[in-house]
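Pasting start20.txt here (compact mmCIF, C-alpha atoms):
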```txt
# COMPACT_ATOMS: atom_id res chain seq x y z
CA MET A 1 10.08 20.77 -9.74
CA PRO A 2 13.80 20.41 -9.14
CA VAL A 3 14.54 21.62 -5.63
CA ALA A 4 18.14 22.20 -4.57
CA THR A 5 17.54 20.10 -1.46
CA ILE A 6 21.14 19.05 -1.05
CA SER A 7 24.36 19.88 -2.90
CA TRP A 8 28.10 20.35 -2.46
CA LYS A 9 29.29 23.94 -2.56
CA ASN A 10 32.65 25.44 -1.63
CA GLY A 11 33.72 22.43 0.39
CA LYS A 12 30.50 22.21 2.40
CA VAL A 13 27.16 20.42 2.26
CA ARG A 14 24.42 22.87 1.37
CA TYR A 15 20.88 21.84 2.26
CA ILE A 16 17.44 23.33 2.82
CA ASP A 17 16.40 23.26 6.47
CA GLN A 18 13.07 21.50 5.99
CA THR A 19 11.95 22.12 9.57
CA LEU A 20 11.36 25.78 8.60
CA LEU A 21 9.24 25.16 5.51
CA PRO A 22 6.88 26.33 4.12
CA HIS A 23 7.18 29.71 5.83
CA LYS A 24 10.91 30.17 5.44
CA VAL A 25 13.35 28.86 2.84
CA LYS A 26 16.77 28.70 4.48
CA PHE A 27 19.88 27.16 2.98
CA VAL A 28 22.45 25.89 5.46
CA ASP A 29 26.12 25.49 4.60
CA CYS A 30 27.43 22.66 6.75
CA GLY A 31 31.14 21.93 7.06
CA ASP A 32 31.00 19.72 10.15
CA VAL A 33 30.02 16.05 10.21
CA LYS A 34 28.49 16.32 13.69
CA LYS A 35 26.24 19.13 12.53
CA LEU A 36 25.24 17.08 9.51
CA TRP A 37 24.44 14.08 11.73
CA SER A 38 22.18 16.34 13.78
CA ALA A 39 20.56 17.71 10.62
CA ILE A 40 19.64 14.16 9.56
CA LYS A 41 18.40 13.25 13.02
CA ARG A 42 16.32 16.43 13.38
CA LEU A 43 14.85 16.05 9.87
CA GLU A 44 16.41 19.24 8.59
CA VAL A 45 17.49 16.86 5.83
CA ARG A 46 14.93 14.11 5.25
CA GLY A 47 13.68 11.70 2.61
CA ALA A 48 15.42 8.39 2.00
CA PRO A 49 17.40 9.35 -1.15
CA ALA A 50 18.36 12.75 0.30
CA ILE A 51 19.75 11.32 3.53
CA GLY A 52 21.69 8.76 1.50
CA ILE A 53 23.33 11.64 -0.36
CA ALA A 54 23.87 13.48 2.93
CA GLY A 55 25.56 10.40 4.35
CA ALA A 56 27.92 10.12 1.38
CA LEU A 57 28.87 13.77 1.58
CA GLY A 58 29.17 13.39 5.34
CA VAL A 59 31.99 10.89 4.85
CA VAL A 60 33.82 13.58 2.89
CA LEU A 61 33.29 16.08 5.71
CA GLY A 62 34.34 13.58 8.35
CA THR A 63 37.68 12.78 6.71
CA LYS A 64 38.67 16.07 5.03
CA ASP A 65 40.87 17.12 7.99
CA SER A 66 42.26 13.67 8.65
CA LYS A 67 45.35 13.45 10.88
CA ALA A 68 46.09 9.89 9.78
CA LYS A 69 49.75 8.95 9.35
CA ASN A 70 49.19 5.85 7.23
CA SER A 71 46.53 4.19 5.11
CA GLY A 72 45.40 1.95 7.95
CA GLN A 73 44.66 4.92 10.18
CA PHE A 74 42.85 6.75 7.37
CA LEU A 75 40.66 3.75 6.61
CA ALA A 76 39.88 3.50 10.31
CA GLU A 77 38.73 7.14 10.25
CA VAL A 78 36.50 6.41 7.28
CA LYS A 79 34.97 3.46 9.11
CA ARG A 80 34.38 5.53 12.26
CA THR A 81 32.71 8.25 10.21
CA VAL A 82 30.53 5.70 8.42
CA LYS A 83 29.48 4.09 11.70
CA TYR A 84 28.73 7.49 13.22
CA LEU A 85 26.57 8.66 10.33
CA ALA A 86 24.76 5.32 10.19
CA SER A 87 23.57 5.90 13.76
CA ALA A 88 21.55 8.99 12.77
CA ARG A 89 18.45 7.11 11.57
CA PRO A 90 17.83 3.34 11.25
CA THR A 91 15.04 2.75 8.70
CA ALA A 92 15.92 4.31 5.33
CA VAL A 93 18.31 1.86 3.71
CA ASN A 94 19.58 4.49 1.26
CA LEU A 95 21.75 5.87 4.05
CA PHE A 96 23.48 2.55 4.66
CA TRP A 97 23.70 1.81 0.93
CA ALA A 98 25.52 5.10 0.31
CA LEU A 99 27.80 4.73 3.32
CA GLU A 100 28.74 1.21 2.23
CA ARG A 101 29.67 2.55 -1.20
CA MET A 102 31.87 5.21 0.34
CA GLU A 103 33.68 2.75 2.60
CA CYS A 104 34.18 0.34 -0.29
CA VAL A 105 35.76 3.10 -2.40
CA ALA A 106 38.15 3.98 0.41
CA LYS A 107 39.16 0.32 0.80
CA THR A 108 39.66 -0.15 -2.93
CA HIS A 109 42.03 2.82 -3.19
CA ASN A 110 43.73 2.58 0.20
CA LYS A 111 47.22 2.42 -1.33
CA LEU A 112 46.92 5.85 -2.92
CA SER A 113 47.88 9.07 -1.20
CA PHE A 114 45.37 10.47 1.27
CA ASP A 115 44.73 13.50 -0.92
CA LYS A 116 43.87 11.28 -3.87
CA ILE A 117 41.61 9.10 -1.73
CA LYS A 118 39.81 12.22 -0.50
CA ASP A 119 39.30 13.32 -4.09
CA ILE A 120 37.94 9.89 -4.97
CA LEU A 121 35.57 9.96 -1.99
CA LEU A 122 34.20 13.32 -3.06
CA ALA A 123 33.83 12.10 -6.64
CA GLU A 124 31.89 9.06 -5.42
CA ALA A 125 29.57 11.16 -3.27
CA LEU A 126 28.87 13.49 -6.18
CA LYS A 127 28.28 10.45 -8.37
CA ILE A 128 25.65 9.22 -5.90
CA LEU A 129 24.00 12.64 -6.05
CA ASP A 130 24.03 12.67 -9.86
CA GLU A 131 22.69 9.12 -10.05
CA ASP A 132 19.76 10.14 -7.87
CA LYS A 133 18.91 13.03 -10.18
CA LYS A 134 18.84 10.70 -13.17
CA ALA A 135 16.86 8.06 -11.26
CA CYS A 136 14.23 10.64 -10.33
CA ARG A 137 13.65 11.53 -13.98
CA ARG A 138 13.46 7.92 -15.10
CA MET A 139 11.03 6.99 -12.31
CA ALA A 140 8.90 9.98 -13.19
CA GLY A 141 8.75 8.87 -16.81
CA TYR A 142 7.63 5.35 -15.96
CA GLY A 143 5.18 6.45 -13.29
CA ALA A 144 3.56 9.21 -15.35
CA ALA A 145 2.23 6.52 -17.67
CA LEU A 146 -0.02 5.40 -14.78
CA VAL A 147 -1.66 8.84 -14.52
CA LYS A 148 -4.74 9.51 -16.66
CA ASN A 149 -6.54 12.72 -17.47
CA GLY A 150 -9.13 13.46 -14.81
CA ASP A 151 -7.46 11.36 -12.11
CA VAL A 152 -7.83 12.31 -8.48
CA ILE A 153 -4.70 11.18 -6.69
CA LEU A 154 -3.90 10.81 -3.00
CA THR A 155 -0.39 10.99 -1.56
CA HIS A 156 1.09 10.73 1.92
CA CYS A 157 4.08 12.40 3.58
CA ASN A 158 6.55 14.07 1.21
CA ALA A 159 8.15 12.23 -1.69
CA GLY A 160 9.05 15.19 -3.84
CA GLY A 161 12.15 17.15 -4.68
CA LEU A 162 12.69 17.83 -0.99
CA ALA A 163 13.22 14.11 -0.39
CA THR A 164 15.73 13.65 -3.20
CA ALA A 165 18.34 15.52 -5.20
CA ASP A 166 15.95 16.45 -7.98
CA TYR A 167 12.38 15.61 -9.07
CA GLY A 168 11.30 13.36 -6.24
CA THR A 169 9.82 9.87 -6.25
CA ALA A 170 6.00 9.79 -5.91
CA LEU A 171 5.67 13.53 -6.54
CA GLY A 172 8.13 13.28 -9.40
CA VAL A 173 5.54 11.13 -11.16
CA LEU A 174 3.01 13.94 -10.75
CA PHE A 175 5.43 16.64 -11.89
CA GLU A 176 6.18 14.68 -15.04
CA ALA A 177 2.49 13.97 -15.69
CA LYS A 178 1.84 17.71 -15.41
CA ARG A 179 4.73 18.44 -17.78
CA GLN A 180 3.14 16.05 -20.27
CA GLY A 181 -0.03 18.13 -20.17
CA LYS A 182 -2.18 15.71 -18.19
CA ARG A 183 -4.99 17.16 -16.08
CA PHE A 184 -5.46 15.76 -12.58
CA SER A 185 -5.87 16.84 -8.97
CA VAL A 186 -4.20 15.76 -5.75
CA TYR A 187 -5.25 15.25 -2.15
CA ALA A 188 -2.34 15.47 0.29
CA ASP A 189 -2.50 13.89 3.74
CA GLU A 190 -1.20 16.26 6.41
CA THR A 191 0.94 13.38 7.79
CA ARG A 192 0.99 13.57 11.55
CA PRO A 193 2.89 13.98 13.73
CA LEU A 194 5.37 16.21 11.87
CA LEU A 195 3.08 17.37 9.06
CA GLN A 196 5.38 16.72 6.13
CA GLY A 197 2.37 16.51 3.84
CA ALA A 198 0.91 19.80 5.02
CA ARG A 199 4.19 21.69 5.20
CA LEU A 200 6.21 20.22 2.34
CA THR A 201 4.07 18.35 -0.18
CA THR A 202 1.45 21.07 -0.58
CA TRP A 203 4.27 23.63 -0.95
CA GLU A 204 5.85 21.65 -3.77
CA LEU A 205 2.60 20.84 -5.58
CA MET A 206 1.29 24.40 -5.40
CA HIS A 207 4.60 25.70 -6.70
CA GLU A 208 3.99 23.57 -9.79
CA LYS A 209 0.39 24.86 -10.02
CA ILE A 210 -1.04 21.38 -9.49
CA ASP A 211 -4.61 21.39 -8.14
CA THR A 212 -3.97 20.47 -4.48
CA THR A 213 -6.26 19.89 -1.50
CA LEU A 214 -4.94 19.28 2.01
CA ILE A 215 -6.73 16.80 4.27
CA CYS A 216 -6.24 15.40 7.75
CA ASP A 217 -4.94 11.83 7.70
CA ASN A 218 -8.21 10.44 9.05
CA MET A 219 -10.23 11.90 6.17
CA ALA A 220 -8.82 9.56 3.52
CA ALA A 221 -11.32 6.77 4.19
CA SER A 222 -14.25 9.13 3.72
CA LEU A 223 -12.91 10.27 0.34
CA MET A 224 -12.39 6.70 -0.84
CA ALA A 225 -15.86 5.65 0.34
CA LYS A 226 -17.32 8.45 -1.79
CA GLY A 227 -15.36 7.23 -4.81
CA LYS A 228 -13.31 10.40 -5.00
CA ILE A 229 -9.83 8.80 -5.14
CA ASP A 230 -8.66 7.05 -8.31
CA LYS A 231 -5.17 6.02 -7.22
CA ILE A 232 -2.53 6.53 -4.56
CA PHE A 233 1.17 7.24 -5.01
CA VAL A 234 3.63 7.10 -2.09
CA GLY A 235 7.38 6.83 -1.64
CA ALA A 236 9.33 4.34 0.47
CA ASP A 237 12.27 4.20 2.86
CA ARG A 238 13.09 0.51 2.56
CA ILE A 239 11.66 -2.26 0.39
CA ALA A 240 12.27 -5.92 1.18
CA ARG A 241 12.96 -8.66 -1.33
CA ASN A 242 9.30 -9.74 -1.30
CA GLY A 243 8.01 -6.21 -2.00
CA ASP A 244 6.99 -5.27 1.53
CA ALA A 245 7.61 -1.52 1.80
CA ALA A 246 8.35 0.67 4.81
CA ASN A 247 7.21 4.27 4.50
CA LYS A 248 6.07 7.11 6.73
CA ILE A 249 3.66 6.05 9.48
CA GLY A 250 0.12 6.02 8.15
CA THR A 251 1.02 4.53 4.78
CA TYR A 252 -0.07 1.03 5.79
CA SER A 253 -3.53 2.22 6.83
CA LEU A 254 -3.92 3.96 3.47
CA ALA A 255 -3.01 0.73 1.68
CA VAL A 256 -5.63 -1.21 3.67
CA LEU A 257 -8.24 1.40 2.82
CA ALA A 258 -7.18 1.32 -0.83
CA LYS A 259 -7.60 -2.46 -0.96
CA HIS A 260 -11.09 -2.25 0.58
CA HIS A 261 -12.18 0.45 -1.88
CA ASN A 262 -10.44 -1.06 -4.92
CA VAL A 263 -8.08 1.90 -5.37
CA PRO A 264 -4.67 1.12 -6.96
CA PHE A 265 -1.84 1.73 -4.49
CA TYR A 266 1.57 2.51 -6.05
CA VAL A 267 4.99 2.77 -4.42
CA VAL A 268 7.67 4.84 -6.15
CA ALA A 269 11.29 4.42 -5.10
CA PRO A 270 14.80 4.15 -6.57
CA VAL A 271 16.79 0.93 -6.57
CA SER A 272 18.86 2.30 -3.68
CA THR A 273 15.76 1.93 -1.48
CA PHE A 274 15.61 -1.84 -1.98
CA ASP A 275 17.16 -4.05 0.68
CA LEU A 276 17.50 -7.35 -1.13
CA LYS A 277 19.30 -8.85 1.86
CA ILE A 278 16.06 -9.17 3.82
CA LYS A 279 13.19 -11.47 2.94
CA SER A 280 10.27 -9.42 4.22
CA GLY A 281 9.18 -6.26 5.97
CA LYS A 282 9.32 -8.02 9.32
CA GLU A 283 13.10 -7.53 9.22
CA ILE A 284 12.95 -3.76 8.62
CA PRO A 285 14.02 -1.76 11.70
CA ILE A 286 11.40 0.85 12.58
CA GLU A 287 12.63 4.09 14.07
CA GLU A 288 10.83 5.29 17.20
CA ARG A 289 11.14 9.01 17.79
CA ASP A 290 10.78 11.40 20.71
CA GLY A 291 7.34 11.58 22.27
CA ASP A 292 7.28 15.37 22.14
CA GLU A 293 6.74 15.13 18.39
CA VAL A 294 3.25 13.81 19.23
CA ARG A 295 2.66 15.83 22.40
CA CYS A 296 3.31 19.03 20.46
CA ILE A 297 2.50 20.56 17.10
CA LEU A 298 5.26 22.78 15.76
CA GLY A 299 6.62 23.14 19.28
CA LYS A 300 3.29 24.01 20.91
CA PRO A 301 2.09 21.52 23.56
CA ILE A 302 -1.29 19.92 22.82
CA ALA A 303 -1.27 17.06 25.36
CA PRO A 304 -0.35 16.51 29.02
CA LYS A 305 3.44 16.78 29.17
CA ASN A 306 3.85 13.46 30.98
CA VAL A 307 1.47 11.34 28.90
CA LYS A 308 3.11 8.23 27.46
CA VAL A 309 3.60 8.29 23.70
CA TYR A 310 4.12 5.62 21.05
CA ASN A 311 5.79 7.30 18.09
CA PRO A 312 7.04 4.99 15.33
CA ALA A 313 8.22 7.02 12.35
CA PHE A 314 7.34 4.32 9.80
CA ASP A 315 5.08 1.35 9.18
CA VAL A 316 5.33 -1.51 6.70
CA THR A 317 2.85 -2.10 3.89
CA PRO A 318 2.58 -5.80 2.93
CA ASN A 319 3.34 -6.51 -0.70
CA GLU A 320 -0.13 -7.91 -1.42
CA LEU A 321 -1.57 -4.41 -0.94
CA ILE A 322 0.78 -2.82 -3.49
CA ALA A 323 -0.45 -2.70 -7.10
CA ALA A 324 3.01 -1.93 -8.51
CA ILE A 325 6.42 -0.58 -7.56
CA VAL A 326 7.83 2.11 -9.84
CA THR A 327 11.63 2.37 -10.10
CA GLU A 328 14.16 3.91 -12.47
CA ARG A 329 14.47 0.44 -14.03
CA GLY A 330 10.79 0.12 -14.82
CA ILE A 331 7.54 -0.90 -13.15
CA PHE A 332 7.55 -4.11 -11.10
CA ARG A 333 4.37 -6.06 -10.44
CA LYS A 334 3.25 -9.13 -8.52
CA PRO A 335 4.51 -11.66 -7.72
CA TYR A 336 7.30 -9.48 -6.34
CA THR A 337 9.44 -12.38 -5.19
CA LYS A 338 9.78 -13.22 -8.87
CA SER A 339 9.89 -9.78 -10.50
CA LEU A 340 12.22 -8.23 -7.91
CA GLY A 341 14.46 -11.28 -8.12
CA LYS A 342 15.73 -9.83 -11.38
CA LEU A 343 16.66 -6.58 -9.67
CA LYS A 344 20.26 -6.11 -8.66
CA LYS A 345 21.85 -2.90 -7.47
```

Exercise: express the given structure as structure tokens:
Amino acid sequence: MPVATISWKNGKVRYIDQTLLPHKVKFVDCGDVKKLWSAIKRLEVRGAPAIGIAGALGVVLGTKDSKAKNSGQFLAEVKRTVKYLASARPTAVNLFWALERMECVAKTHNKLSFDKIKDILLAEALKILDEDKKACRRMAGYGAALVKNGDVILTHCNAGGLATADYGTALGVLFEAKRQGKRFSVYADETRPLLQGARLTTWELMHEKIDTTLICDNMAASLMAKGKIDKIFVGADRIARNGDAANKIGTYSLAVLAKHHNVPFYVVAPVSTFDLKIKSGKEIPIEERDGDEVRCILGKPIAPKNVKVYNPAFDVTPNELIAAIVTERGIFRKPYTKSLGKLKK
């Protein structure tokens, strides 16, 4: 299900405001880097690959009206824009990977005219977007081989087209399996506190006419205990060199449950999600978000307004709980320190 989550149109970044789904599909044309930063922060644009693309296009927005008088000043503007966009969210490494690429391109061509550098920056951002589309399809192809007729699959958060430029990561596997004619059904965790599973994943799966059932997050254990889940597919926001994977909060508990009930637990993510500079998940920064996301549901208060809240957006699943990691370069299995050692961006 290709979803036009994010694109470049008429000199602006066009994206779907995901905070309004599933009840309203609204495309926003953004020509201001500050507005784009806010869109990333507020989760109007979300999903690790998608915010990487947003970051790359954001560099284009941030430098298009440059007042620089020499190459040094222009490069300084690029660096300021990169630093600013990097401050939007800390966990998904795709954002930093894309921003680093953009800065590197600017440095490499800093002796050209500003107009040419701007053209090169836009070309690089669009290349990142196109690469993601191709990666989605390749991941889907590899991952679909893991899906069998009759499978009952569980997923968490949203790792579909809305999280990428095209097919998605974990959901892309399911879309491709459906395209191949395989019969299966899916349980989708609602994914508290912001309900990405309920609002986004069910919307995508139902659009593709995939048999979908929504459950509360705390119902997953009951399903596994009854033998009703055959395998789990999730996405990731950052994967360490040893295979530890950060994903939406609640993923780790699913992996523990999967291990106890002997259910294969698969992570699906592009190479841009790997952070080979860090040894383990202990080094992954975990974003903590505003407490009102927990005190409220869709803006409606459900708890005392002054109650203290702990609201990490992600948790880390240890590599020993992951059956395999599906990427556009193939399926990687344990021991990850060895198999991922062959992986270079």

Surrounding residues of stretch 173-180 of chain A excluding itself and chain neighbours under 2 positions, 10 Å, only C-alpha atoms, as an MDAnalysis selection string = chainID A and resid 1:2 136:149 153 159:161 167:171 182:186 204:205 208:210 233 268 326

Compile the contact shell of stretch 190-198 of chain A as a ChimeraX atom specification: residues with an atom at most 10 Å away, counting only C-alpha atoms, same-chain residues fewer than 4 positions apart removed.
-> /A:18-19,21-22,43,46,155-159,202-204,213-218,248-251,291-298,311,313

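Proximity ranking of A:Gly281, A:Gly243, A:Gly62, A:Pro312 relative to A:Lys334 places A:Gly243 first, based on all atoms listed in the file.
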
Might you pull out every residue within 12 Å of A:Lys41, with only C-alpha atoms counted and same-chain residues fewer than 5 positions away left off, and present them as a PDB file with C-alpha atoms, in the coordinates of the input?
```pdb
ATOM      1  CA  THR A  19      11.950  22.120   9.570  1.00  0.00           C
ATOM      2  CA  LYS A  34      28.490  16.320  13.690  1.00  0.00           C
ATOM      3  CA  LYS A  35      26.240  19.130  12.530  1.00  0.00           C
ATOM      4  CA  LEU A  36      25.240  17.080   9.510  1.00  0.00           C
ATOM      5  CA  ARG A  46      14.930  14.110   5.250  1.00  0.00           C
ATOM      6  CA  GLY A  47      13.680  11.700   2.610  1.00  0.00           C
ATOM      7  CA  ILE A  51      19.750  11.320   3.530  1.00  0.00           C
ATOM      8  CA  ALA A  54      23.870  13.480   2.930  1.00  0.00           C
ATOM      9  CA  GLY A  55      25.560  10.400   4.350  1.00  0.00           C
ATOM     10  CA  TYR A  84      28.730   7.490  13.220  1.00  0.00           C
ATOM     11  CA  LEU A  85      26.570   8.660  10.330  1.00  0.00           C
ATOM     12  CA  ALA A  86      24.760   5.320  10.190  1.00  0.00           C
ATOM     13  CA  SER A  87      23.570   5.900  13.760  1.00  0.00           C
ATOM     14  CA  ALA A  88      21.550   8.990  12.770  1.00  0.00           C
ATOM     15  CA  ARG A  89      18.450   7.110  11.570  1.00  0.00           C
ATOM     16  CA  PRO A  90      17.830   3.340  11.250  1.00  0.00           C
ATOM     17  CA  THR A  91      15.040   2.750   8.700  1.00  0.00           C
ATOM     18  CA  GLU A 287      12.630   4.090  14.070  1.00  0.00           C
ATOM     19  CA  GLU A 288      10.830   5.290  17.200  1.00  0.00           C
ATOM     20  CA  ARG A 289      11.140   9.010  17.790  1.00  0.00           C
ATOM     21  CA  ASP A 290      10.780  11.400  20.710  1.00  0.00           C
ATOM     22  CA  ALA A 313       8.220   7.020  12.350  1.00  0.00           C
TER      23      ALA A 313
END
```

To one decimal place, how far is atom CA of A:Asp230 from atom CA of A:Tyr252 in Å?
-> 17.6 Å
